[in-house]
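Structure file coords_8.json (JSON, C-alpha atoms and all ligand atoms) is printed below.
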[["chain", "number", "residue", "atom", "x", "y", "z"],
["A", 1, "MET", "CA", 20.72, 76.36, 17.51],
["A", 2, "ILE", "CA", 23.82, 75.32, 15.57],
["A", 3, "ASP", "CA", 23.45, 73.23, 12.42],
["A", 4, "PHE", "CA", 26.10, 70.56, 12.87],
["A", 5, "LEU", "CA", 26.83, 68.12, 10.05],
["A", 6, "TYR", "CA", 28.85, 64.95, 10.74],
["A", 7, "ILE", "CA", 30.56, 62.43, 8.45],
["A", 8, "THR", "CA", 30.79, 58.93, 9.92],
["A", 9, "SER", "CA", 32.61, 56.06, 8.18],
["A", 10, "PRO", "CA", 35.40, 53.54, 8.60],
["A", 11, "SER", "CA", 38.85, 54.87, 7.69],
["A", 12, "TYR", "CA", 39.74, 54.87, 3.96],
["A", 13, "SER", "CA", 36.19, 55.48, 2.75],
["A", 14, "GLY", "CA", 36.76, 58.84, 1.00],
["A", 15, "SER", "CA", 35.81, 61.17, 3.85],
["A", 16, "THR", "CA", 38.53, 63.72, 3.02],
["A", 17, "LEU", "CA", 37.23, 64.10, -0.54],
["A", 18, "LEU", "CA", 33.68, 64.44, 0.78],
["A", 19, "THR", "CA", 34.87, 67.07, 3.27],
["A", 20, "PHE", "CA", 36.44, 69.14, 0.47],
["A", 21, "LEU", "CA", 33.32, 68.84, -1.69],
["A", 22, "LEU", "CA", 30.96, 69.91, 1.11],
["A", 23, "ASN", "CA", 33.28, 72.77, 2.02],
["A", 24, "THR", "CA", 32.78, 74.30, -1.45],
["A", 25, "HIS", "CA", 29.33, 75.40, -0.36],
["A", 26, "PRO", "CA", 29.13, 79.05, 0.79],
["A", 27, "GLU", "CA", 27.04, 78.05, 3.82],
["A", 28, "ILE", "CA", 29.16, 75.09, 4.99],
["A", 29, "ALA", "CA", 32.31, 75.56, 7.10],
["A", 30, "THR", "CA", 34.76, 72.88, 8.20],
["A", 31, "ILE", "CA", 38.22, 72.26, 9.55],
["A", 32, "GLY", "CA", 37.98, 68.52, 8.83],
["A", 33, "GLU", "CA", 38.19, 66.25, 11.87],
["A", 34, "LEU", "CA", 37.25, 68.16, 15.00],
["A", 35, "LYS", "CA", 38.10, 65.39, 17.48],
["A", 36, "GLY", "CA", 41.47, 67.11, 17.92],
["A", 37, "ASP", "CA", 45.06, 66.20, 18.55],
["A", 38, "SER", "CA", 48.14, 67.79, 20.09],
["A", 39, "MET", "CA", 49.78, 69.37, 17.05],
["A", 40, "ASP", "CA", 53.30, 70.58, 16.43],
["A", 41, "VAL", "CA", 52.36, 74.16, 15.50],
["A", 42, "VAL", "CA", 55.72, 74.77, 13.75],
["A", 43, "ASN", "CA", 55.83, 71.66, 11.58],
["A", 44, "TYR", "CA", 52.19, 70.62, 11.11],
["A", 45, "GLN", "CA", 50.95, 72.09, 7.85],
["A", 46, "CYS", "CA", 47.41, 73.38, 7.35],
["A", 47, "SER", "CA", 45.81, 72.63, 3.95],
["A", 48, "CYS", "CA", 46.27, 76.32, 3.06],
["A", 49, "GLY", "CA", 50.03, 75.61, 2.96],
["A", 50, "GLU", "CA", 51.05, 77.51, 6.12],
["A", 51, "PRO", "CA", 52.36, 75.85, 9.27],
["A", 52, "ILE", "CA", 49.29, 75.71, 11.49],
["A", 53, "GLY", "CA", 50.84, 78.11, 14.02],
["A", 54, "GLN", "CA", 51.24, 80.70, 11.22],
["A", 55, "CYS", "CA", 47.83, 80.27, 9.58],
["A", 56, "ASP", "CA", 45.67, 83.40, 9.93],
["A", 57, "PHE", "CA", 42.50, 81.35, 10.11],
["A", 58, "TRP", "CA", 43.77, 79.18, 12.96],
["A", 59, "ASN", "CA", 45.23, 82.15, 14.81],
["A", 60, "SER", "CA", 41.79, 83.81, 14.67],
["A", 61, "VAL", "CA", 40.17, 80.60, 15.92],
["A", 62, "VAL", "CA", 42.50, 80.43, 18.92],
["A", 63, "ARG", "CA", 42.03, 84.13, 19.75],
["A", 64, "LYS", "CA", 38.23, 83.96, 19.53],
["A", 65, "MET", "CA", 38.10, 80.75, 21.58],
["A", 66, "HIS", "CA", 40.10, 82.50, 24.32],
["A", 67, "GLU", "CA", 37.64, 85.43, 24.20],
["A", 68, "LYS", "CA", 34.90, 82.89, 24.94],
["A", 69, "GLY", "CA", 36.73, 81.68, 28.04],
["A", 70, "GLU", "CA", 38.15, 78.52, 26.41],
["A", 71, "SER", "CA", 41.76, 77.51, 27.11],
["A", 72, "PHE", "CA", 41.91, 76.18, 23.53],
["A", 73, "ASP", "CA", 45.50, 75.35, 22.47],
["A", 74, "LEU", "CA", 46.45, 73.71, 19.15],
["A", 75, "ALA", "CA", 49.38, 71.95, 20.84],
["A", 76, "ASP", "CA", 47.25, 70.46, 23.64],
["A", 77, "LYS", "CA", 44.49, 67.98, 22.79],
["A", 78, "TRP", "CA", 43.12, 68.19, 26.37],
["A", 79, "THR", "CA", 41.87, 71.72, 25.65],
["A", 80, "GLN", "CA", 40.26, 70.79, 22.32],
["A", 81, "CYS", "CA", 36.97, 69.30, 21.13],
["A", 82, "GLY", "CA", 37.54, 65.54, 21.61],
["A", 83, "TYR", "CA", 35.79, 63.51, 24.32],
["A", 84, "ARG", "CA", 38.73, 62.44, 26.52],
["A", 85, "VAL", "CA", 39.21, 62.20, 30.27],
["A", 86, "GLN", "CA", 42.66, 63.30, 31.41],
["A", 87, "ASN", "CA", 44.56, 61.39, 34.14],
["A", 88, "ALA", "CA", 41.97, 58.60, 34.28],
["A", 89, "SER", "CA", 43.00, 55.92, 31.85],
["A", 90, "PHE", "CA", 40.17, 53.48, 32.62],
["A", 91, "THR", "CA", 37.49, 56.15, 32.32],
["A", 92, "ASN", "CA", 39.12, 57.52, 29.20],
["A", 93, "ARG", "CA", 39.11, 54.07, 27.62],
["A", 94, "LEU", "CA", 35.47, 53.62, 28.54],
["A", 95, "VAL", "CA", 34.49, 56.96, 27.01],
["A", 96, "ARG", "CA", 36.33, 56.22, 23.79],
["A", 97, "THR", "CA", 35.73, 52.51, 23.26],
["A", 98, "ARG", "CA", 33.44, 51.40, 20.44],
["A", 99, "HIS", "CA", 29.68, 51.31, 20.63],
["A", 100, "ARG", "CA", 28.70, 47.82, 21.84],
["A", 101, "SER", "CA", 25.63, 45.79, 22.76],
["A", 102, "LEU", "CA", 22.77, 47.30, 24.75],
["A", 103, "PRO", "CA", 23.85, 45.86, 28.18],
["A", 104, "PHE", "CA", 27.35, 47.28, 27.72],
["A", 105, "GLU", "CA", 25.96, 50.66, 26.69],
["A", 106, "LEU", "CA", 23.68, 50.74, 29.75],
["A", 107, "CYS", "CA", 26.64, 50.00, 32.05],
["A", 108, "ARG", "CA", 28.69, 52.68, 30.32],
["A", 109, "SER", "CA", 25.90, 55.26, 30.73],
["A", 110, "VAL", "CA", 25.50, 54.47, 34.45],
["A", 111, "TYR", "CA", 29.24, 54.59, 35.11],
["A", 112, "MET", "CA", 29.62, 57.84, 33.21],
["A", 113, "ALA", "CA", 26.70, 59.46, 35.01],
["A", 114, "LEU", "CA", 28.17, 58.50, 38.42],
["A", 115, "SER", "CA", 31.68, 59.80, 37.81],
["A", 116, "PRO", "CA", 32.04, 63.53, 38.64],
["A", 117, "ALA", "CA", 35.24, 63.79, 36.57],
["A", 118, "ASN", "CA", 33.34, 62.39, 33.64],
["A", 119, "ARG", "CA", 30.41, 64.72, 34.02],
["A", 120, "ARG", "CA", 32.78, 67.69, 34.20],
["A", 121, "MET", "CA", 34.56, 66.49, 31.06],
["A", 122, "PHE", "CA", 31.29, 66.14, 29.12],
["A", 123, "ARG", "CA", 30.10, 69.59, 30.19],
["A", 124, "ARG", "CA", 33.43, 71.16, 29.20],
["A", 125, "VAL", "CA", 33.80, 69.32, 25.86],
["A", 126, "ASN", "CA", 30.15, 69.86, 24.86],
["A", 127, "GLN", "CA", 30.60, 73.59, 25.46],
["A", 128, "THR", "CA", 33.94, 73.64, 23.61],
["A", 129, "ASN", "CA", 32.31, 72.05, 20.57],
["A", 130, "VAL", "CA", 29.51, 74.64, 20.61],
["A", 131, "ASN", "CA", 31.99, 77.49, 21.04],
["A", 132, "PHE", "CA", 34.21, 76.13, 18.29],
["A", 133, "ALA", "CA", 31.37, 76.01, 15.75],
["A", 134, "ARG", "CA", 30.28, 79.53, 16.76],
["A", 135, "THR", "CA", 33.84, 80.77, 16.37],
["A", 136, "VAL", "CA", 34.14, 79.32, 12.87],
["A", 137, "PHE", "CA", 30.78, 80.91, 11.92],
["A", 138, "GLU", "CA", 32.05, 84.29, 13.15],
["A", 139, "ILE", "CA", 35.23, 84.01, 11.07],
["A", 140, "THR", "CA", 33.70, 82.57, 7.89],
["A", 141, "GLY", "CA", 30.20, 84.03, 7.94],
["A", 142, "LYS", "CA", 28.86, 80.53, 7.23],
["A", 143, "SER", "CA", 25.97, 78.83, 9.03],
["A", 144, "VAL", "CA", 26.46, 75.02, 8.88],
["A", 145, "PHE", "CA", 29.41, 73.40, 10.63],
["A", 146, "LEU", "CA", 30.86, 70.16, 9.26],
["A", 147, "ASP", "CA", 32.84, 67.74, 11.44],
["A", 148, "SER", "CA", 34.38, 64.82, 9.54],
["A", 149, "SER", "CA", 35.77, 63.00, 12.61],
["A", 150, "LYS", "CA", 34.21, 59.68, 11.46],
["A", 151, "ASP", "CA", 33.93, 58.01, 14.93],
["A", 152, "ALA", "CA", 30.50, 56.70, 15.79],
["A", 153, "MET", "CA", 30.85, 57.31, 19.54],
["A", 154, "ARG", "CA", 31.66, 60.96, 18.96],
["A", 155, "LEU", "CA", 28.50, 61.23, 16.84],
["A", 156, "LYS", "CA", 26.51, 59.70, 19.68],
["A", 157, "TYR", "CA", 27.85, 62.21, 22.22],
["A", 158, "LEU", "CA", 27.36, 65.18, 19.88],
["A", 159, "SER", "CA", 23.80, 64.17, 19.06],
["A", 160, "ARG", "CA", 22.94, 64.71, 22.74],
["A", 161, "VAL", "CA", 24.43, 68.20, 23.06],
["A", 162, "ASP", "CA", 21.91, 70.96, 23.74],
["A", 163, "GLY", "CA", 22.37, 73.67, 21.17],
["A", 164, "LEU", "CA", 23.50, 71.39, 18.32],
["A", 165, "ARG", "CA", 21.12, 70.26, 15.59],
["A", 166, "VAL", "CA", 23.07, 67.23, 14.32],
["A", 167, "LYS", "CA", 22.74, 65.59, 10.91],
["A", 168, "ALA", "CA", 24.93, 62.66, 9.89],
["A", 169, "ILE", "CA", 26.18, 61.23, 6.60],
["A", 170, "HIS", "CA", 27.11, 57.54, 6.76],
["A", 171, "LEU", "CA", 29.73, 57.18, 4.03],
["A", 172, "VAL", "CA", 30.08, 53.67, 2.60],
["A", 173, "ARG", "CA", 32.49, 52.28, 0.02],
["A", 174, "ASP", "CA", 32.81, 48.85, -1.54],
["A", 175, "GLY", "CA", 34.44, 47.04, 1.38],
["A", 176, "ARG", "CA", 37.00, 45.44, -0.91],
["A", 177, "GLY", "CA", 38.47, 48.91, -1.60],
["A", 178, "GLY", "CA", 38.55, 49.59, 2.13],
["A", 179, "LEU", "CA", 40.18, 46.18, 2.67],
["A", 180, "LEU", "CA", 43.13, 47.01, 0.42],
["A", 181, "SER", "CA", 43.71, 50.35, 2.19],
["A", 182, "PHE", "CA", 43.45, 48.84, 5.68],
["A", 183, "MET", "CA", 45.94, 46.10, 4.71],
["A", 184, "LYS", "CA", 48.40, 48.57, 3.17],
["A", 185, "HIS", "CA", 48.26, 51.41, 5.68],
["A", 186, "GLU", "CA", 47.66, 49.51, 8.92],
["A", 187, "ASN", "CA", 49.62, 46.40, 7.96],
["A", 188, "LEU", "CA", 46.69, 44.09, 8.79],
["A", 189, "SER", "CA", 45.94, 40.59, 7.53],
["A", 190, "PRO", "CA", 42.95, 40.36, 5.13],
["A", 191, "GLU", "CA", 40.85, 38.72, 7.85],
["A", 192, "ILE", "CA", 41.62, 41.31, 10.57],
["A", 193, "ALA", "CA", 41.24, 44.18, 8.06],
["A", 194, "THR", "CA", 37.81, 42.89, 6.99],
["A", 195, "ARG", "CA", 36.73, 42.50, 10.62],
["A", 196, "GLU", "CA", 37.87, 46.06, 11.33],
["A", 197, "TRP", "CA", 35.78, 47.35, 8.40],
["A", 198, "LEU", "CA", 32.79, 45.27, 9.49],
["A", 199, "ARG", "CA", 32.92, 46.30, 13.17],
["A", 200, "SER", "CA", 33.23, 49.93, 12.25],
["A", 201, "HIS", "CA", 30.09, 49.85, 10.06],
["A", 202, "LEU", "CA", 28.06, 47.89, 12.61],
["A", 203, "GLU", "CA", 28.96, 50.41, 15.31],
["A", 204, "ILE", "CA", 27.98, 53.30, 13.02],
["A", 205, "ARG", "CA", 24.67, 51.64, 12.20],
["A", 206, "GLU", "CA", 23.88, 51.18, 15.87],
["A", 207, "VAL", "CA", 24.49, 54.87, 16.60],
["A", 208, "MET", "CA", 22.64, 56.02, 13.46],
["A", 209, "ARG", "CA", 19.59, 54.09, 14.63],
["A", 210, "SER", "CA", 19.10, 56.61, 17.45],
["A", 211, "LEU", "CA", 18.82, 59.51, 14.97],
["A", 212, "ASP", "CA", 15.55, 60.58, 13.33],
["A", 213, "ASP", "CA", 15.10, 59.84, 9.62],
["A", 214, "ASP", "CA", 15.56, 63.45, 8.57],
["A", 215, "GLN", "CA", 18.85, 63.58, 10.52],
["A", 216, "LYS", "CA", 20.65, 60.86, 8.57],
["A", 217, "THR", "CA", 21.56, 59.70, 5.11],
["A", 218, "VAL", "CA", 23.76, 57.04, 3.52],
["A", 219, "LEU", "CA", 26.20, 58.00, 0.77],
["A", 220, "LYS", "CA", 28.18, 55.72, -1.52],
["A", 221, "TYR", "CA", 31.77, 56.77, -2.22],
["A", 222, "GLU", "CA", 31.38, 55.43, -5.77],
["A", 223, "ASP", "CA", 28.37, 57.71, -6.45],
["A", 224, "MET", "CA", 30.29, 60.67, -5.12],
["A", 225, "CYS", "CA", 33.09, 59.98, -7.63],
["A", 226, "ASN", "CA", 31.05, 58.86, -10.66],
["A", 227, "ASP", "CA", 28.19, 61.34, -10.44],
["A", 228, "THR", "CA", 29.56, 64.13, -8.29],
["A", 229, "ASP", "CA", 27.14, 66.91, -9.28],
["A", 230, "ALA", "CA", 23.96, 64.93, -8.67],
["A", 231, "THR", "CA", 25.35, 63.50, -5.44],
["A", 232, "MET", "CA", 26.30, 66.89, -4.06],
["A", 233, "GLU", "CA", 22.93, 68.32, -5.04],
["A", 234, "ARG", "CA", 21.23, 65.59, -3.05],
["A", 235, "LEU", "CA", 23.53, 66.15, -0.06],
["A", 236, "PHE", "CA", 23.09, 69.91, -0.07],
["A", 237, "LYS", "CA", 19.31, 69.38, -0.03],
["A", 238, "PHE", "CA", 19.69, 66.96, 2.89],
["A", 239, "VAL", "CA", 21.78, 69.53, 4.77],
["A", 240, "GLY", "CA", 19.17, 72.22, 4.05],
["A", 241, "VAL", "CA", 21.32, 74.61, 1.99],
["A", 242, "ASP", "CA", 20.77, 75.91, -1.56],
["A", 243, "PRO", "CA", 21.92, 73.06, -3.87],
["A", 244, "ALA", "CA", 22.73, 75.49, -6.69],
["A", 245, "ALA", "CA", 25.33, 77.42, -4.68],
["A", 246, "GLY", "CA", 28.15, 74.79, -4.49],
["A", 247, "GLU", "CA", 31.41, 75.51, -6.33],
["A", 248, "LYS", "CA", 32.21, 72.89, -9.00],
["A", 249, "ASP", "CA", 36.00, 73.22, -8.75],
["A", 250, "TYR", "CA", 36.64, 72.19, -5.17],
["A", 251, "ARG", "CA", 40.27, 73.32, -5.20],
["A", 252, "ALA", "CA", 39.15, 76.86, -6.07],
["A", 253, "VAL", "CA", 37.81, 77.37, -2.55],
["A", 254, "ASP", "CA", 39.88, 78.29, 0.52],
["A", 255, "HIS", "CA", 40.35, 75.34, 2.87],
["A", 256, "HIS", "CA", 41.94, 75.06, 6.31],
["A", 257, "ILE", "CA", 41.41, 71.33, 6.69],
["A", 258, "LEU", "CA", 43.31, 68.90, 8.92],
["A", 259, "GLY", "CA", 43.55, 65.25, 7.96],
["A", 260, "ASN", "CA", 45.17, 63.05, 5.35],
["A", 261, "ALA", "CA", 47.70, 64.00, 2.68],
["A", 262, "MET", "CA", 45.03, 64.48, 0.00],
["A", 263, "ARG", "CA", 44.56, 67.95, 1.41],
["A", 264, "PHE", "CA", 47.78, 69.08, -0.36],
["A", 265, "GLY", "CA", 46.97, 67.86, -3.88],
["A", 266, "ASN", "CA", 46.53, 70.34, -6.73],
["A", 267, "SER", "CA", 44.23, 68.37, -9.00],
["A", 268, "SER", "CA", 40.50, 68.98, -8.89],
["A", 269, "GLU", "CA", 39.85, 65.84, -10.88],
["A", 270, "ILE", "CA", 37.74, 63.36, -8.97],
["A", 271, "ARG", "CA", 38.77, 59.84, -9.79],
["A", 272, "LEU", "CA", 37.28, 56.67, -8.40],
["A", 273, "ASP", "CA", 39.99, 54.68, -6.63],
["A", 274, "THR", "CA", 39.72, 51.12, -7.99],
["A", 275, "LYS", "CA", 43.19, 49.81, -7.17],
["A", 276, "TRP", "CA", 41.62, 46.91, -5.30],
["A", 277, "VAL", "CA", 40.32, 45.44, -8.58],
["A", 278, "ARG", "CA", 43.90, 44.98, -9.80],
["A", 279, "GLU", "CA", 45.69, 44.35, -6.52],
["A", 280, "LEU", "CA", 43.57, 42.04, -4.36],
["A", 281, "THR", "CA", 44.27, 38.33, -4.89],
["A", 282, "ASP", "CA", 41.51, 35.73, -5.27],
["A", 283, "GLU", "CA", 42.37, 34.44, -1.81],
["A", 284, "GLN", "CA", 42.04, 37.90, -0.25],
["A", 285, "LEU", "CA", 38.72, 38.44, -2.03],
["A", 286, "ALA", "CA", 37.49, 35.08, -0.73],
["A", 287, "THR", "CA", 38.44, 36.06, 2.84],
["A", 288, "PHE", "CA", 36.54, 39.31, 2.48],
["A", 289, "GLU", "CA", 33.52, 37.49, 1.07],
["A", 290, "ARG", "CA", 33.49, 34.98, 3.94],
["A", 291, "VAL", "CA", 33.74, 37.60, 6.71],
["A", 292, "GLY", "CA", 32.13, 40.74, 5.32],
["A", 293, "GLY", "CA", 30.42, 39.88, 2.02],
["A", 294, "TRP", "CA", 26.96, 39.89, 3.59],
["A", 295, "LEU", "CA", 27.27, 43.50, 4.75],
["A", 296, "ASN", "CA", 28.78, 44.64, 1.44],
["A", 297, "ARG", "CA", 25.68, 43.27, -0.32],
["A", 298, "GLN", "CA", 23.40, 45.05, 2.14],
["A", 299, "PHE", "CA", 25.09, 48.28, 1.03],
["A", 300, "GLY", "CA", 24.29, 47.35, -2.57],
["A", 301, "TYR", "CA", 27.63, 45.93, -3.76],
["A", 302, "ASP", "CA", 27.44, 42.52, -5.41],
["A", 303, "ASN", "CA", 30.36, 40.11, -5.10],
["A", 304, "SER", "CA", 31.46, 40.22, -8.73],
["A", 305, "VAL", "CA", 34.76, 41.95, -9.55],
["A", 306, "PRO", "CA", 34.34, 44.71, -12.15],
["A", 307, "THR", "CA", 36.55, 44.08, -15.20],
["A", 308, "ALA", "CA", 36.36, 47.48, -16.92],
["A", 309, "GLU", "CA", 37.64, 50.67, -15.32],
["A", 310, "PRO", "CA", 34.67, 52.69, -14.05],
["A", 311, "VAL", "CA", 34.12, 56.07, -15.63],
["A", 312, "ALA", "CA", 35.94, 58.85, -13.81],
["A", 313, "THR", "CA", 34.61, 62.39, -13.94],
["B", 1, "ZN", "ZN", 45.26, 77.44, 7.09]]
Written as structure tokens, how would this file's structure read?
Ligand SMILES: [Zn+2]
Amino acid sequence: MIDFLYITSPSYSGSTLLTFLLNTHPEIATIGELKGDSMDVVNYQCSCGEPIGQCDFWNSVVRKMHEKGESFDLADKWTQCGYRVQNASFTNRLVRTRHRSLPFELCRSVYMALSPANRRMFRRVNQTNVNFARTVFEITGKSVFLDSSKDAMRLKYLSRVDGLRVKAIHLVRDGRGGLLSFMKHENLSPEIATREWLRSHLEIREVMRSLDDDQKTVLKYEDMCNDTDATMERLFKFVGVDPAAGEKDYRAVDHHILGNAMRFGNSSEIRLDTKWVRELTDEQLATFERVGGWLNRQFGYDNSVPTAEPVAT
């Protein structure tokens, strides 16, 4: 049985930082987001600094995957670990679309069970995920695999794979911080950005409901930044690894992580990102409150705007 840890969250919630922190543990191995993409092996840089095609770690991964009968290719997402159906755009959309209401999910399950191409894809991708985690264990000597892909649907599919013992961390952040990032990076209006944040969390919640209590936990981004040691101790206990064994300086550990640009920074300082307090206008805050305030409060954030800078560690 493979211990498989998953981070699920909307974008811009701090999942890259959490990935680095978890990866400091001698029993936890990760490459970041395992859902895969077709990468330019000459120009795409691994977090170790090498182009991914030149990275020893990734070259070992590819070689060992081939030894297991996988056609794994860094330049070809169709051979990787994501749930995608090639040459069938409708089916592919259906597989990848968000988690919806129960009637929709029942229709999706029936359709997917009836389609031979779909069944073949699930068998192949399930096996590729298992083989990938095994490969990383062989290379690193570690025993818990972390996938920080974030998508709720991927979590749902993985939680049904024989041979994986899945645990999930639902990462939440004050939605007003997420709002600013969504608006900036995706060029969305405050209303659409808030709806995106809201839909993403509701989908995650729906999928998390199907997991047992000991398979899931909720983590606040702000706790991770303000009280990193205690937070990581709690998470390591949840994962089932020795909480005392994590490395405090997360940059001191070797990483081969794919994902956002934070992976190239040199600083180990963990600083709470509070730009939203200064940059969001009253009107934008009011839009957020109208659309998503209720969920933010359920996560434990009140609707006041902090005036002092929070303590950074
Ligand atoms: Zn590397």
Once you count only C-alpha atoms and all ligand atoms, what closest atom pair and distance in Å to one decimal does each residue of chain A within 8 Å of ligand ZN 1 (chain B) have, with rows by chain and rising residue number, as a tab-separated table?
residue	atom	partner	partner_atom	distance
A:Gln45	CA	B:ZN1	ZN	7.8
A:Cys46	CA	B:ZN1	ZN	4.6
A:Ser47	CA	B:ZN1	ZN	5.8
A:Cys48	CA	B:ZN1	ZN	4.3
A:Gly49	CA	B:ZN1	ZN	6.6
A:Glu50	CA	B:ZN1	ZN	5.9
A:Pro51	CA	B:ZN1	ZN	7.6
A:Ile52	CA	B:ZN1	ZN	6.2
A:Gln54	CA	B:ZN1	ZN	8.0
A:Cys55	CA	B:ZN1	ZN	4.6
A:Asp56	CA	B:ZN1	ZN	6.6
A:Phe57	CA	B:ZN1	ZN	5.7
A:Trp58	CA	B:ZN1	ZN	6.3
A:His255	CA	B:ZN1	ZN	6.8
A:His256	CA	B:ZN1	ZN	4.2
A:Ile257	CA	B:ZN1	ZN	7.2
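You will find CA of Ile28 (chain A) at 18.3 Å from CA of Asp214 (chain A).
Residues surrounding Arg297 (chain A) within 12 Å are Val172, Arg173, Asp174, Gly175, Arg176, Phe288, Glu289, Gly292, Gly293, Tyr301, Asp302, Asn303 and Ser304 of chain A [all atoms listed in the file; sequence separation below 4 positions excluded].
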Notebook entry, point to check: Of the candidates A:Leu211, A:Val241, A:Ile31, A:Ala88, which shows the shortest atom-to-atom distance to Leu158 (chain A), using all atoms listed in the file?
Noted result: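 Closest residue, counting all atoms listed in the file: A:Leu211.
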Let me have the centre and edge lengths in Å, one decimal, of the box along x, y and z around every listed atom of region 83-95 of chain A with 5 Å of margin on each side, as JSON.
{"center_x": 39.5, "center_y": 58.5, "center_z": 29.3, "size_x": 20.1, "size_y": 20.0, "size_z": 20.0}
Item checked: Counting all atoms listed in the file, the residue of A:Thr281, A:Ser149, A:Thr140, A:Asn187 that sits nearest Tyr6 (chain A) ->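 When distances to Tyr6 (chain A) are compared using all atoms listed in the file, the smallest one comes from A:Ser149.
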Checklist line | Computed interatomic separation between CA of Thr24 (chain A) and CA of Glu138 (chain A) (Å) | finding: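 Between CA of Thr24 (chain A) and CA of Glu138 (chain A) the gap works out to 17.7 Å.
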Using the structure block above, produce a file of region 201-214 of chain A that contains N, CA, C and O atoms, as an mmCIF file, in the first residue's frame.
data_model
loop_
_atom_site.group_PDB
_atom_site.id
_atom_site.type_symbol
_atom_site.label_atom_id
_atom_site.label_comp_id
_atom_site.auth_asym_id
_atom_site.auth_seq_id
_atom_site.Cartn_x
_atom_site.Cartn_y
_atom_site.Cartn_z
ATOM 1 N N HIS A 201 -13.733 26.021 -3.601
ATOM 2 C CA HIS A 201 -13.842 25.478 -2.237
ATOM 3 C C HIS A 201 -15.061 24.563 -2.087
ATOM 4 O O HIS A 201 -14.994 23.547 -1.395
ATOM 5 N N LEU A 202 -16.168 24.919 -2.710
ATOM 6 C CA LEU A 202 -17.374 24.087 -2.560
ATOM 7 C C LEU A 202 -17.150 22.717 -3.205
ATOM 8 O O LEU A 202 -17.582 21.686 -2.682
ATOM 9 N N GLU A 203 -16.458 22.720 -4.340
ATOM 10 C CA GLU A 203 -16.135 21.464 -5.021
ATOM 11 C C GLU A 203 -15.215 20.608 -4.128
ATOM 12 O O GLU A 203 -15.443 19.409 -3.950
ATOM 13 N N ILE A 204 -14.209 21.250 -3.547
ATOM 14 C CA ILE A 204 -13.281 20.521 -2.673
ATOM 15 C C ILE A 204 -14.034 19.915 -1.482
ATOM 16 O O ILE A 204 -13.864 18.744 -1.145
ATOM 17 N N ARG A 205 -14.898 20.704 -0.898
ATOM 18 C CA ARG A 205 -15.668 20.226 0.257
ATOM 19 C C ARG A 205 -16.485 18.991 -0.082
ATOM 20 O O ARG A 205 -16.588 18.051 0.700
ATOM 21 N N GLU A 206 -17.105 19.042 -1.269
ATOM 22 C CA GLU A 206 -17.946 17.934 -1.715
ATOM 23 C C GLU A 206 -17.109 16.658 -1.832
ATOM 24 O O GLU A 206 -17.513 15.590 -1.375
ATOM 25 N N VAL A 207 -15.932 16.777 -2.410
ATOM 26 C CA VAL A 207 -15.071 15.595 -2.576
ATOM 27 C C VAL A 207 -14.521 15.142 -1.216
ATOM 28 O O VAL A 207 -14.459 13.946 -0.926
ATOM 29 N N MET A 208 -14.166 16.088 -0.367
ATOM 30 C CA MET A 208 -13.607 15.737 0.951
ATOM 31 C C MET A 208 -14.623 14.976 1.805
ATOM 32 O O MET A 208 -14.258 14.173 2.658
ATOM 33 N N ARG A 209 -15.901 15.245 1.554
ATOM 34 C CA ARG A 209 -16.956 14.581 2.313
ATOM 35 C C ARG A 209 -16.885 13.056 2.168
ATOM 36 O O ARG A 209 -17.283 12.324 3.062
ATOM 37 N N SER A 210 -16.410 12.591 1.014
ATOM 38 C CA SER A 210 -16.365 11.136 0.777
ATOM 39 C C SER A 210 -15.177 10.478 1.485
ATOM 40 O O SER A 210 -15.061 9.258 1.498
ATOM 41 N N LEU A 211 -14.280 11.267 2.063
ATOM 42 C CA LEU A 211 -13.121 10.681 2.753
ATOM 43 C C LEU A 211 -13.448 10.466 4.233
ATOM 44 O O LEU A 211 -14.250 11.193 4.814
ATOM 45 N N ASP A 212 -12.810 9.464 4.837
ATOM 46 C CA ASP A 212 -12.978 9.234 6.276
ATOM 47 C C ASP A 212 -12.305 10.362 7.062
ATOM 48 O O ASP A 212 -11.406 11.029 6.557
ATOM 49 N N ASP A 213 -12.726 10.514 8.327
ATOM 50 C CA ASP A 213 -12.182 11.610 9.144
ATOM 51 C C ASP A 213 -10.660 11.555 9.289
ATOM 52 O O ASP A 213 -9.999 12.593 9.281
ATOM 53 N N ASP A 214 -10.120 10.353 9.421
ATOM 54 C CA ASP A 214 -8.661 10.280 9.616
ATOM 55 C C ASP A 214 -7.892 10.442 8.304
ATOM 56 O O ASP A 214 -6.667 10.422 8.290
#
